[in-house]
$ cat protein27.cif   # mmCIF, C-alpha atoms and all ligand atoms
data_query
#
loop_
_atom_site.label_atom_id
_atom_site.label_comp_id
_atom_site.auth_asym_id
_atom_site.auth_seq_id
_atom_site.Cartn_x
_atom_site.Cartn_y
_atom_site.Cartn_z
CA MET A 808 -40.14 -13.44 59.39
CA LYS A 809 -38.68 -16.80 60.41
CA ILE A 810 -39.79 -20.20 59.15
CA ILE A 811 -40.75 -22.31 62.16
CA GLN A 812 -42.21 -25.41 60.52
CA ALA A 813 -41.63 -27.35 57.27
CA GLU A 814 -43.88 -30.32 56.49
CA VAL A 815 -43.80 -32.70 53.52
CA ILE A 816 -47.29 -33.96 52.70
CA VAL A 817 -47.86 -36.97 50.43
CA THR A 818 -51.37 -37.56 49.16
CA SER A 819 -52.83 -39.66 46.34
CA PRO A 820 -56.35 -38.44 45.50
CA ASP A 821 -56.32 -39.26 41.75
CA ARG A 822 -52.53 -39.73 41.63
CA ASN A 823 -49.56 -39.17 43.94
CA PHE A 824 -48.66 -35.59 44.87
CA VAL A 825 -45.83 -34.31 47.08
CA THR A 826 -46.41 -30.91 48.69
CA LEU A 827 -44.14 -28.84 50.92
CA LYS A 828 -45.87 -26.64 53.50
CA LEU A 829 -43.87 -23.91 55.25
CA THR A 830 -45.17 -22.01 58.29
CA THR A 831 -43.73 -18.73 59.57
CA GLU A 832 -43.57 -17.43 63.13
CA SER A 833 -46.55 -15.17 62.41
CA GLY A 834 -48.61 -18.14 61.20
CA ILE A 835 -48.45 -17.43 57.46
CA THR A 836 -48.21 -20.63 55.43
CA GLY A 837 -46.85 -21.28 51.95
CA LEU A 838 -47.19 -24.29 49.65
CA GLY A 839 -44.87 -25.72 47.01
CA ASP A 840 -45.30 -28.66 44.61
CA ALA A 841 -42.50 -31.28 44.61
CA THR A 842 -44.15 -34.01 42.50
CA VAL A 843 -41.94 -36.05 40.15
CA ASN A 844 -44.19 -38.53 38.37
CA GLY A 845 -43.29 -42.14 39.21
CA ARG A 846 -40.38 -41.18 41.51
CA GLU A 847 -42.35 -39.22 44.12
CA LEU A 848 -40.81 -40.66 47.29
CA ALA A 849 -37.29 -39.78 46.18
CA VAL A 850 -38.21 -36.09 46.48
CA VAL A 851 -39.92 -36.76 49.82
CA SER A 852 -36.66 -38.18 51.16
CA TYR A 853 -34.61 -35.33 49.65
CA LEU A 854 -36.80 -32.81 51.43
CA ARG A 855 -37.39 -34.66 54.72
CA ASP A 856 -33.88 -36.03 55.18
CA HIS A 857 -31.81 -33.16 53.79
CA VAL A 858 -33.70 -29.87 53.41
CA VAL A 859 -36.45 -29.17 55.96
CA GLN A 860 -34.02 -28.88 58.89
CA LEU A 861 -32.07 -26.23 56.94
CA LEU A 862 -35.21 -24.13 56.58
CA ILE A 863 -36.15 -23.85 60.26
CA GLY A 864 -35.15 -20.43 61.54
CA ARG A 865 -34.41 -19.03 58.05
CA ASP A 866 -35.85 -15.68 56.97
CA ALA A 867 -38.83 -16.53 54.73
CA THR A 868 -38.49 -13.27 52.79
CA ARG A 869 -35.05 -14.16 51.35
CA ILE A 870 -36.20 -16.09 48.28
CA GLU A 871 -33.17 -15.62 46.00
CA ASP A 872 -30.72 -16.25 48.82
CA THR A 873 -32.51 -19.45 49.86
CA TRP A 874 -32.55 -20.64 46.24
CA GLN A 875 -28.80 -20.05 45.84
CA PHE A 876 -28.09 -21.65 49.22
CA LEU A 877 -30.00 -24.84 48.40
CA TYR A 878 -28.57 -25.07 44.86
CA ARG A 879 -24.93 -24.34 45.66
CA SER A 880 -24.56 -25.84 49.13
CA ALA A 881 -25.67 -29.29 47.92
CA TYR A 882 -22.58 -29.45 45.66
CA TRP A 883 -24.39 -32.21 43.64
CA ARG A 884 -26.37 -29.83 41.48
CA ARG A 885 -29.28 -30.17 39.05
CA GLY A 886 -31.32 -33.26 38.19
CA PRO A 887 -35.09 -33.71 38.55
CA ILE A 888 -35.14 -34.68 42.24
CA THR A 889 -32.93 -31.83 43.47
CA MET A 890 -34.62 -29.22 41.29
CA ALA A 891 -38.15 -30.33 42.27
CA ALA A 892 -37.17 -30.08 45.94
CA ILE A 893 -35.73 -26.58 45.43
CA ALA A 894 -38.81 -25.63 43.39
CA ALA A 895 -41.11 -26.60 46.25
CA VAL A 896 -39.21 -24.37 48.69
CA ASP A 897 -39.10 -21.51 46.16
CA VAL A 898 -42.84 -21.57 45.39
CA ALA A 899 -43.74 -21.86 49.08
CA LEU A 900 -41.63 -18.75 49.77
CA TRP A 901 -43.31 -16.81 46.91
CA ASP A 902 -46.67 -17.89 48.36
CA ILE A 903 -45.65 -16.54 51.77
CA LYS A 904 -44.33 -13.28 50.31
CA GLY A 905 -47.56 -12.74 48.40
CA LYS A 906 -49.60 -13.29 51.55
CA MET A 907 -47.34 -10.90 53.48
CA ALA A 908 -47.80 -8.25 50.78
CA GLY A 909 -51.53 -8.92 50.41
CA MET A 910 -51.00 -9.47 46.68
CA PRO A 911 -51.24 -12.34 44.18
CA VAL A 912 -47.74 -13.50 43.22
CA TYR A 913 -48.05 -12.26 39.61
CA GLN A 914 -48.21 -8.71 41.00
CA LEU A 915 -44.88 -9.23 42.75
CA LEU A 916 -43.39 -10.51 39.46
CA GLY A 917 -44.24 -7.28 37.66
CA GLY A 918 -48.02 -7.38 37.31
CA ALA A 919 -50.30 -8.71 34.58
CA SER A 920 -49.02 -8.63 31.00
CA ARG A 921 -52.32 -10.06 29.72
CA SER A 922 -55.92 -10.68 30.76
CA GLY A 923 -55.64 -14.48 30.83
CA LEU A 924 -53.58 -17.48 29.70
CA LEU A 925 -54.29 -19.32 26.46
CA THR A 926 -54.38 -23.06 27.16
CA TYR A 927 -54.34 -26.25 25.14
CA GLY A 928 -56.08 -29.52 26.01
CA HIS A 929 -55.37 -33.13 25.00
CA ALA A 930 -57.60 -34.68 22.34
CA SER A 931 -56.94 -38.27 21.30
CA GLY A 932 -58.53 -41.25 19.59
CA ARG A 933 -57.97 -44.81 18.46
CA ASP A 934 -59.32 -43.73 15.07
CA ASN A 935 -60.21 -40.42 13.40
CA GLN A 936 -63.87 -40.56 14.43
CA GLU A 937 -63.00 -41.02 18.10
CA LEU A 938 -60.39 -38.27 17.75
CA PHE A 939 -62.92 -35.85 16.17
CA ASP A 940 -65.34 -36.53 19.06
CA SER A 941 -62.57 -35.78 21.52
CA VAL A 942 -61.69 -32.51 19.71
CA ARG A 943 -65.37 -31.46 19.79
CA LYS A 944 -65.61 -32.29 23.50
CA HIS A 945 -62.59 -30.09 24.23
CA GLN A 946 -64.01 -27.26 22.13
CA GLU A 947 -67.29 -27.52 24.07
CA GLU A 948 -65.29 -27.21 27.31
CA GLY A 949 -63.85 -23.95 25.94
CA TYR A 950 -60.41 -25.02 24.72
CA LYS A 951 -59.24 -22.87 21.81
CA ALA A 952 -56.03 -24.83 21.12
CA ILE A 953 -55.84 -28.61 21.02
CA ARG A 954 -53.13 -31.26 21.11
CA ILE A 955 -53.77 -34.10 18.68
CA GLN A 956 -52.59 -37.65 19.51
CA SER A 957 -53.73 -40.67 17.53
CA ALA A 958 -53.31 -44.41 17.79
CA VAL A 959 -51.20 -45.94 15.00
CA PRO A 960 -52.49 -48.93 12.99
CA GLY A 961 -50.72 -52.11 14.07
CA LEU A 962 -49.73 -50.79 17.50
CA GLU A 963 -51.73 -51.95 20.49
CA SER A 964 -51.18 -49.19 23.03
CA ILE A 965 -49.18 -45.96 22.62
CA TYR A 966 -48.58 -42.70 24.45
CA GLY A 967 -51.34 -40.14 24.81
CA ILE A 968 -54.44 -42.11 23.81
CA ALA A 969 -57.24 -41.81 26.37
CA SER A 970 -58.94 -45.06 25.35
CA ASN A 971 -55.77 -47.17 25.37
CA ALA A 972 -56.16 -50.83 26.34
CA THR A 973 -54.05 -50.20 29.45
CA VAL A 974 -56.75 -47.92 30.90
CA GLU A 975 -58.61 -50.84 32.47
CA ALA A 976 -55.49 -51.93 34.34
CA ASN A 977 -55.43 -48.49 35.92
CA ALA A 978 -58.82 -48.88 37.62
CA GLY A 979 -60.62 -46.99 34.85
CA VAL A 980 -58.67 -43.74 35.27
CA ARG A 981 -58.61 -42.18 31.81
CA TYR A 982 -55.16 -42.32 30.25
CA ASP A 983 -55.28 -38.69 29.16
CA HIS A 984 -55.73 -37.74 32.80
CA GLU A 985 -52.89 -39.91 34.08
CA PRO A 986 -50.60 -42.26 32.16
CA ALA A 987 -48.88 -43.47 35.36
CA GLN A 988 -50.45 -46.74 36.47
CA ARG A 989 -50.98 -47.78 40.04
CA SER A 990 -49.12 -51.07 39.96
CA ALA A 991 -45.92 -52.72 41.10
CA TYR A 992 -44.36 -52.71 37.62
CA PRO A 993 -44.52 -50.32 34.63
CA ALA A 994 -47.09 -51.14 31.95
CA GLU A 995 -45.59 -52.11 28.59
CA GLU A 996 -46.57 -50.22 25.45
CA ASP A 997 -45.43 -50.82 21.89
CA TRP A 998 -43.82 -48.65 19.26
CA ASP A 999 -42.82 -48.52 15.61
CA THR A 1000 -41.48 -45.19 14.33
CA ARG A 1001 -41.94 -45.96 10.61
CA SER A 1002 -45.64 -46.78 11.10
CA TYR A 1003 -46.04 -43.60 13.18
CA LEU A 1004 -44.34 -41.40 10.55
CA ARG A 1005 -46.59 -42.82 7.82
CA HIS A 1006 -49.79 -42.37 9.82
CA ILE A 1007 -49.59 -39.02 11.65
CA PRO A 1008 -49.68 -36.71 8.57
CA THR A 1009 -52.91 -38.44 7.44
CA VAL A 1010 -54.43 -37.72 10.85
CA PHE A 1011 -53.58 -34.01 10.67
CA GLU A 1012 -54.95 -33.82 7.12
CA ALA A 1013 -58.24 -35.32 8.36
CA VAL A 1014 -58.39 -32.98 11.38
CA ARG A 1015 -57.77 -29.89 9.21
CA ASN A 1016 -60.45 -31.05 6.76
CA GLU A 1017 -62.92 -31.53 9.63
CA PHE A 1018 -62.14 -28.48 11.78
CA GLY A 1019 -60.71 -25.94 9.30
CA PRO A 1020 -57.45 -24.00 9.15
CA ALA A 1021 -57.84 -21.70 12.17
CA VAL A 1022 -57.75 -23.90 15.30
CA PRO A 1023 -54.24 -24.06 16.80
CA LEU A 1024 -53.14 -27.73 16.74
CA LEU A 1025 -50.23 -29.25 18.64
CA HIS A 1026 -48.56 -32.67 18.66
CA ASP A 1027 -46.19 -34.47 21.03
CA GLY A 1028 -43.53 -36.82 19.62
CA HIS A 1029 -42.47 -37.84 23.15
CA HIS A 1030 -38.71 -38.10 22.45
CA ARG A 1031 -39.04 -41.14 20.13
CA MET A 1032 -37.43 -40.10 16.87
CA THR A 1033 -33.90 -39.85 15.52
CA PRO A 1034 -32.98 -36.37 14.23
CA ILE A 1035 -33.59 -37.32 10.58
CA GLN A 1036 -36.94 -38.96 11.42
CA ALA A 1037 -37.96 -35.84 13.35
CA ALA A 1038 -36.92 -33.63 10.44
CA LYS A 1039 -39.04 -35.75 8.11
CA LEU A 1040 -42.08 -35.50 10.40
CA GLY A 1041 -41.73 -31.74 10.80
CA LYS A 1042 -41.55 -31.36 7.03
CA SER A 1043 -44.51 -33.65 6.37
CA LEU A 1044 -46.67 -31.71 8.87
CA GLU A 1045 -45.91 -28.27 7.39
CA PRO A 1046 -49.11 -28.18 5.26
CA TYR A 1047 -51.18 -28.51 8.48
CA ASP A 1048 -49.71 -25.41 10.16
CA LEU A 1049 -49.00 -26.79 13.65
CA PHE A 1050 -48.75 -24.44 16.64
CA TRP A 1051 -45.88 -26.69 17.73
CA LEU A 1052 -44.30 -30.11 17.40
CA GLU A 1053 -43.08 -31.20 20.84
CA ASP A 1054 -40.20 -33.34 22.11
CA VAL A 1055 -39.27 -34.85 18.76
CA THR A 1056 -35.89 -36.23 19.83
CA PRO A 1057 -34.51 -37.51 23.19
CA ALA A 1058 -33.86 -34.59 25.54
CA GLU A 1059 -30.28 -35.57 26.40
CA ASN A 1060 -28.83 -34.38 23.09
CA PRO A 1061 -29.70 -30.74 22.33
CA GLU A 1062 -27.52 -30.77 19.18
CA ALA A 1063 -30.00 -33.11 17.53
CA LEU A 1064 -32.34 -30.16 17.06
CA ARG A 1065 -29.87 -28.48 14.66
CA LEU A 1066 -30.58 -31.06 12.02
CA VAL A 1067 -34.34 -30.94 12.64
CA ARG A 1068 -34.33 -27.15 12.43
CA GLN A 1069 -32.45 -27.13 9.12
CA HIS A 1070 -35.21 -29.12 7.47
CA THR A 1071 -38.52 -27.80 8.74
CA THR A 1072 -40.44 -24.61 9.50
CA THR A 1073 -42.80 -26.45 11.88
CA PRO A 1074 -42.33 -24.71 15.28
CA LEU A 1075 -40.53 -26.83 17.87
CA ALA A 1076 -41.10 -27.13 21.63
CA ILE A 1077 -38.97 -29.12 24.07
CA GLY A 1078 -37.95 -29.43 27.68
CA GLU A 1079 -40.63 -30.88 29.97
CA ILE A 1080 -37.93 -33.08 31.51
CA PHE A 1081 -35.31 -30.29 31.62
CA ASN A 1082 -34.34 -28.96 35.06
CA THR A 1083 -32.17 -25.86 34.66
CA VAL A 1084 -31.34 -23.02 32.29
CA TRP A 1085 -28.18 -24.95 31.43
CA ASP A 1086 -30.26 -27.64 29.72
CA TYR A 1087 -31.67 -24.88 27.49
CA GLN A 1088 -28.54 -22.77 27.02
CA GLN A 1089 -27.45 -24.08 23.62
CA ILE A 1090 -30.87 -24.52 22.04
CA ILE A 1091 -31.99 -21.03 23.08
CA ARG A 1092 -28.73 -19.35 22.00
CA GLU A 1093 -28.77 -21.16 18.63
CA GLN A 1094 -32.52 -20.50 18.27
CA LEU A 1095 -33.27 -24.20 17.72
CA ILE A 1096 -36.66 -24.06 19.46
CA ASP A 1097 -39.72 -21.82 19.62
CA TYR A 1098 -41.21 -22.81 23.00
CA VAL A 1099 -39.74 -23.66 26.42
CA ARG A 1100 -41.62 -26.60 27.95
CA GLY A 1101 -40.05 -26.44 31.42
CA ALA A 1102 -42.41 -26.57 34.41
CA VAL A 1103 -42.12 -24.43 37.56
CA THR A 1104 -42.27 -27.70 39.54
CA HIS A 1105 -39.27 -29.28 37.78
CA MET A 1106 -37.16 -26.21 36.96
CA GLY A 1107 -36.31 -24.98 40.46
CA GLY A 1108 -39.46 -22.93 40.94
CA ILE A 1109 -40.63 -19.51 39.82
CA THR A 1110 -37.22 -17.94 40.50
CA HIS A 1111 -35.24 -20.16 38.13
CA LEU A 1112 -37.83 -20.69 35.39
CA LYS A 1113 -38.34 -16.90 35.18
CA LYS A 1114 -34.62 -16.45 34.57
CA THR A 1115 -34.74 -19.14 31.86
CA LEU A 1116 -37.74 -17.51 30.18
CA ASP A 1117 -36.15 -14.05 30.37
CA TYR A 1118 -33.13 -15.52 28.59
CA ALA A 1119 -35.45 -17.11 25.99
CA ALA A 1120 -37.15 -13.75 25.46
CA LEU A 1121 -33.91 -12.34 24.03
CA TYR A 1122 -34.41 -14.75 21.12
CA GLN A 1123 -38.21 -14.36 20.67
CA ILE A 1124 -38.70 -17.81 22.23
CA LYS A 1125 -41.89 -18.15 24.27
CA SER A 1126 -43.15 -20.17 27.21
CA GLY A 1127 -45.13 -23.38 26.82
CA MET A 1128 -45.07 -24.67 30.39
CA HIS A 1129 -45.65 -28.38 30.99
CA GLY A 1130 -49.02 -28.83 32.71
CA PRO A 1131 -50.40 -32.39 32.80
CA THR A 1132 -52.14 -33.71 35.91
CA ASP A 1133 -48.91 -34.72 37.64
CA ILE A 1134 -48.28 -31.01 38.14
CA SER A 1135 -50.38 -30.46 41.29
CA PRO A 1136 -52.80 -27.52 41.55
CA VAL A 1137 -50.05 -25.80 43.57
CA GLY A 1138 -47.60 -26.21 40.68
CA MET A 1139 -50.24 -25.18 38.13
CA ALA A 1140 -51.10 -22.02 40.06
CA ALA A 1141 -47.40 -21.11 40.30
CA ALA A 1142 -47.11 -21.53 36.52
CA MET A 1143 -50.13 -19.28 36.02
CA HIS A 1144 -48.67 -16.44 38.11
CA LEU A 1145 -45.42 -16.64 36.13
CA GLY A 1146 -47.32 -16.83 32.83
CA MET A 1147 -49.38 -13.77 33.71
CA ALA A 1148 -46.32 -11.66 34.44
CA ILE A 1149 -43.75 -12.48 31.73
CA HIS A 1150 -43.89 -10.76 28.34
CA ASN A 1151 -43.01 -13.89 26.33
CA PHE A 1152 -45.88 -16.12 27.42
CA GLY A 1153 -46.86 -18.54 24.64
CA ILE A 1154 -49.41 -21.11 25.78
CA GLN A 1155 -50.15 -23.18 28.91
CA GLU A 1156 -50.81 -26.93 28.84
CA TYR A 1157 -53.87 -27.64 30.96
CA MET A 1158 -55.55 -30.93 31.84
CA LYS A 1159 -58.22 -30.63 34.47
CA HIS A 1160 -57.61 -32.47 37.73
CA GLY A 1161 -60.21 -34.91 39.04
CA PRO A 1162 -62.77 -34.01 41.73
CA LYS A 1163 -60.81 -35.76 44.52
CA THR A 1164 -57.70 -33.70 43.70
CA ASP A 1165 -59.78 -30.53 43.55
CA ALA A 1166 -61.15 -31.30 47.05
CA VAL A 1167 -57.64 -31.76 48.47
CA PHE A 1168 -56.27 -28.60 46.81
CA GLU A 1169 -58.70 -25.69 47.16
CA GLN A 1170 -58.03 -23.40 44.21
CA SER A 1171 -58.82 -19.82 43.31
CA TYR A 1172 -57.73 -20.09 39.66
CA THR A 1173 -60.38 -20.09 36.96
CA PHE A 1174 -60.79 -21.61 33.48
CA VAL A 1175 -63.17 -19.62 31.29
CA ASP A 1176 -63.46 -19.79 27.46
CA GLY A 1177 -60.19 -21.71 27.22
CA MET A 1178 -58.29 -19.13 29.29
CA LEU A 1179 -56.78 -19.69 32.74
CA HIS A 1180 -56.41 -16.95 35.36
CA PRO A 1181 -54.66 -17.47 38.71
CA GLY A 1182 -57.17 -15.34 40.64
CA ASP A 1183 -56.39 -12.43 42.93
CA LYS A 1184 -56.03 -14.01 46.36
CA PRO A 1185 -52.77 -13.08 48.11
CA GLY A 1186 -50.01 -15.60 47.41
CA ILE A 1187 -50.46 -18.33 44.81
CA GLY A 1188 -54.13 -18.86 45.74
CA VAL A 1189 -54.15 -22.60 46.55
CA GLU A 1190 -54.68 -24.11 50.02
CA LEU A 1191 -54.28 -27.74 51.08
CA ASN A 1192 -57.20 -29.36 52.89
CA VAL A 1193 -55.30 -31.57 55.34
CA ASP A 1194 -58.33 -33.72 56.23
CA GLU A 1195 -59.03 -34.49 52.58
CA ALA A 1196 -55.34 -35.13 51.87
CA GLY A 1197 -55.23 -37.62 54.75
CA LYS A 1198 -57.87 -39.80 53.10
CA TYR A 1199 -55.52 -40.79 50.27
CA PRO A 1200 -52.25 -42.50 51.26
CA TYR A 1201 -49.42 -42.95 48.74
CA GLN A 1202 -49.84 -45.69 46.17
CA GLN A 1203 -47.00 -47.10 44.11
CA ALA A 1204 -47.35 -46.01 40.47
CA TYR A 1205 -45.14 -46.11 37.39
CA LEU A 1206 -45.18 -44.43 33.98
CA PRO A 1207 -45.31 -46.98 31.14
CA TYR A 1208 -42.31 -48.03 29.05
CA ASN A 1209 -41.92 -49.05 25.38
CA ARG A 1210 -40.73 -52.08 23.49
CA LEU A 1211 -40.29 -52.45 19.73
CA ALA A 1212 -41.69 -55.50 17.89
CA ASP A 1213 -38.42 -57.43 18.39
CA GLY A 1214 -38.44 -56.74 22.13
CA THR A 1215 -35.93 -53.88 22.20
CA VAL A 1216 -36.64 -51.26 24.87
CA HIS A 1217 -37.38 -47.87 23.25
CA ASP A 1218 -37.84 -44.32 24.58
CA TRP A 1219 -41.31 -43.87 26.09
MG MG A 1301 -45.05 -33.71 26.41
#

$ encode --input "protein27.cif" --output "structure tokens"
Amino acid sequence: MKIIQAEVIVTSPDRNFVTLKLTTESGITGLGDATVNGRELAVVSYLRDHVVQLLIGRDATRIEDTWQFLYRSAYWRRGPITMAAIAAVDVALWDIKGKMAGMPVYQLLGGASRSGLLTYGHASGRDNQELFDSVRKHQEEGYKAIRIQSAVPGLESIYGIASNATVEANAGVRYDHEPAQRSAYPAEEDWDTRSYLRHIPTVFEAVRNEFGPAVPLLHDGHHRMTPIQAAKLGKSLEPYDLFWLEDVTPAENPEALRLVRQHTTTPLAIGEIFNTVWDYQQIIREQLIDYVRGAVTHMGGITHLKKTLDYAALYQIKSGMHGPTDISPVGMAAAMHLGMAIHNFGIQEYMKHGPKTDAVFEQSYTFVDGMLHPGDKPGIGVELNVDEAGKYPYQQAYLPYNRLADGTVHDW
């Protein structure tokens, strides 16, 4: 079953997406997501200039061998661009294998371990009232678990708030659907960790008072705290029984989580910008986290993320795969198949894509009562509508960045 064609398709329906499409000699096609938010064309070049020619004539059924070949033959291993490119090839090959077998990919990974995937959505507000409205809206849409992000008094525009002032600059696209702005320069946001640490516990107290003790609540610190600040936040949020506290410290230093862990019983999740099992090795082995945030799209595909999650399972650590709108429907579907099959599934992040994106990527996955299911079509169950994709050429877009009050650049 030889691969005879490999195409890299760039489309920008609601945001930029990079998709790899492989075609076999018998006409079976497979899709893989290669989108790296804000650096999309780097992966396009990696694939077009260095990978697609290596795929022509290869046996499409040899998924593990192709993964090892692309990883080891590059010599320059790891990193987001390389691992997104490998992920796209890997998922496209799983898609092809599923179609050849006449089975959804989760069946090939061992079959369903559950009836559906618990998701969480993103509620946010500039004040508590706006936040409560957003929580209610998500509950009406079926979400059972909800991430809580709030503006902080004194700060103009911060991560995760749908009604941020910067929304208008992004042609009205809601910030919770896409923080990357279509512009020639990154938008500037502001930050003050002390104000944030004072304010956030009051928000969770108000949310618990309004919505009761049962609803699973999550929060994302977006890599902004020092270890001792993160420890303090985890401790101060303990009365509000979070499902998880995410990305409290910068991802480059896994040791930082030792100090956080010593001081709080709030569950910790990290790793949406991690790329390989090696990024997780220490924090899984030392049991410094509770959830693995890696995405299929950025962790070398189903093949490598499954190995990482199997390793995590030895330590009772569960999955919490990254799933904002910059993961394309192809990447989301791949995550769903993996989540269905593994034993240690935890929760799946899920933000709905816009109608233009849904028209480009025809999906068979479903979202009912807060639960996702990948569907039972052979393969991953997503097809690319080439005519629709062609309507939306690439547009330059950047994620925002942060400055402190004195002008110092800070982690975003
Ligand atoms: Mg996050």

$ closest_residue --input "protein27.cif" --among "A:Gln1203, A:Thr868, A:Gln1170, A:Asn1151" --to "A:Arg822" --atoms "only C-alpha atoms"
A:Gln1203

$ residues_around --input "protein27.cif" --residues "A:Thr1164" --least-positions-apart "4" --cutoff "7 Å" --atoms "all atoms listed in the file" --output "VMD selection string"
chain A and resid 820 to 821 1160 1168

$ atom_distance --input "protein27.cif" --atom1 "atom CA of A:Gly1188" --atom2 "atom CA of A:Ser1171"
5.4 Å

$ closest_residue --input "protein27.cif" --among "A:Ala994, A:Val1167, A:Ile955, A:Ala1212" --to "ligand MG 1301 (chain A)" --atoms "all atoms listed in the file"
A:Ile955

$ residues_around --input "protein27.cif" --residues "A:Gly1182" --least-positions-apart "4" --cutoff "10 Å" --atoms "all atoms listed in the file" --output "tab-separated table (two decimals) with C-alpha atoms, in the frame of the given file"
chain	number	residue	atom	x	y	z
A	911	PRO	CA	-51.24	-12.34	44.18
A	912	VAL	CA	-47.74	-13.50	43.22
A	913	TYR	CA	-48.05	-12.26	39.61
A	923	GLY	CA	-55.64	-14.48	30.83
A	1140	ALA	CA	-51.10	-22.02	40.06
A	1143	MET	CA	-50.13	-19.28	36.02
A	1144	HIS	CA	-48.67	-16.44	38.11
A	1170	GLN	CA	-58.03	-23.40	44.21
A	1171	SER	CA	-58.82	-19.82	43.31
A	1172	TYR	CA	-57.73	-20.09	39.66
A	1173	THR	CA	-60.38	-20.09	36.96
A	1186	GLY	CA	-50.01	-15.60	47.41
A	1187	ILE	CA	-50.46	-18.33	44.81
A	1188	GLY	CA	-54.13	-18.86	45.74
A	1189	VAL	CA	-54.15	-22.60	46.55

$ residues_near_ligand --input "protein27.cif" --ligand "ligand MG 1301 (chain A)" --cutoff "8 Å" --atoms "only C-alpha atoms and all ligand atoms" --output "count of residues only"
8

$ closest_residue --input "protein27.cif" --among "A:Asp1117, A:Glu814, A:Asp1133, A:Glu995" --to "A:Asn844" --atoms "only C-alpha atoms"
A:Asp1133

$ residues_around --input "protein27.cif" --residues "A:Leu877" --least-positions-apart "3" --cutoff "12 Å" --atoms "all atoms listed in the file" --output "VMD selection string"
chain A and resid 853 to 854 857 to 862 870 to 874 880 to 885 889 to 897 1107
